[in-house]
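Participant: What follows is a single structure, and I will ask about it in a moment.
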Amino acid sequence: MSLKKRIKVEAGFSMSSMTDIIFLLLLFFIMASTMSSPNDIKLNLPQSKASSSTKAVIAKVSIDADGNYFVAKGTSMPEAVAPDVLESYILNLVAQDTTTYIALHADQNIAYKEVVRVLDIANQHKLKLVIATQTTKK
């Protein structure tokens with residue numbers, strides 16, 4: 001009489017696959033958080049009912065409430081720029097790619113002449129300029 005050995009199955013769970021998934025999620029969130037660049041310039045943009053946007057922005061010119069100019073290329077961190085070198089700084093950025101827009105983010109409490117300075121630079125060099133506003137909620 002031959003007796004067969006019974007295979008004993010243990011109820012258990014392998015944690016190795018679960019730790020792999022957790023490490024992959026951790027890696028994803030670390031990389032995603034480093035790719036976003038927060039805007040350090042606090043601006044109070046004027047409000048508008050229109051809600052259109054452009055995605056091909058090469059440079060972002062920001063003017064804060066104190067009249068300080070900041071220029072950021074694409075999604076990079078903004079750099080402080082003196083008003084007298086603003087034109088040459090913008091032209092250096094536009095020389096790399098002329099098919100994209102320049103976005104103007106101006107605080108609603110600044111003097112109108114500061115906005116006109118950037119508009120004049122864009123008009124003199126035939127650049128495409130978009131003025132950023134906040135959309136009002138209905």
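Ligands are numbered from 1 in the order shown, chains are lettered A, B, ... in the order of the structure tokens, and residues start at 1 in each chain.
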For segment 118-121 of chain A, please output as a compact mmCIF listing (two decimals) with C-alpha atoms, in the first residue's frame all residues within 9 Å (counting only C-alpha atoms; exclusion window: fewer than 2 positions along the same chain).
Facilitator:
# COMPACT_ATOMS: atom_id res chain seq x y z
CA VAL A 61 7.36 88.72 -17.82
CA LEU A 86 14.50 94.21 -19.91
CA GLU A 87 14.40 94.72 -23.68
CA ILE A 90 13.53 89.51 -23.80
CA LEU A 104 2.74 89.43 -19.31
CA LYS A 113 3.33 102.97 -17.54
CA GLU A 114 5.00 99.73 -16.38
CA VAL A 115 2.64 97.67 -18.55
CA VAL A 116 3.08 100.06 -21.48
CA ASN A 123 5.33 96.25 -30.57
CA GLN A 124 8.77 97.55 -31.60
CA HIS A 125 10.07 94.04 -32.27
CA LYS A 126 6.75 92.60 -33.56
CA LEU A 127 6.49 90.00 -30.81
CA LEU A 129 2.23 89.17 -26.40
Participant: Which distance in Å separates atom CA of Ala106 of chain A and atom CA of Ala132 of chain A, to one decimal?
Facilitator: 7.5 Å
Participant: Considering only C-alpha atoms, can you say which of A:Phe23, A:Phe29, A:Tyr69, A:Tyr101 comes closest to Ala122 of chain A?
Facilitator: A:Tyr101
Participant: Pick the closest to Phe70 of chain A from A:Ala95, A:Ala11, A:Ile30, A:Ala103: which is it, counting only C-alpha atoms?
Facilitator: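 Of A:Ala95, A:Ala11, A:Ile30, A:Ala103, the one nearest Phe70 of chain A, counting only C-alpha atoms, is A:Ala103.
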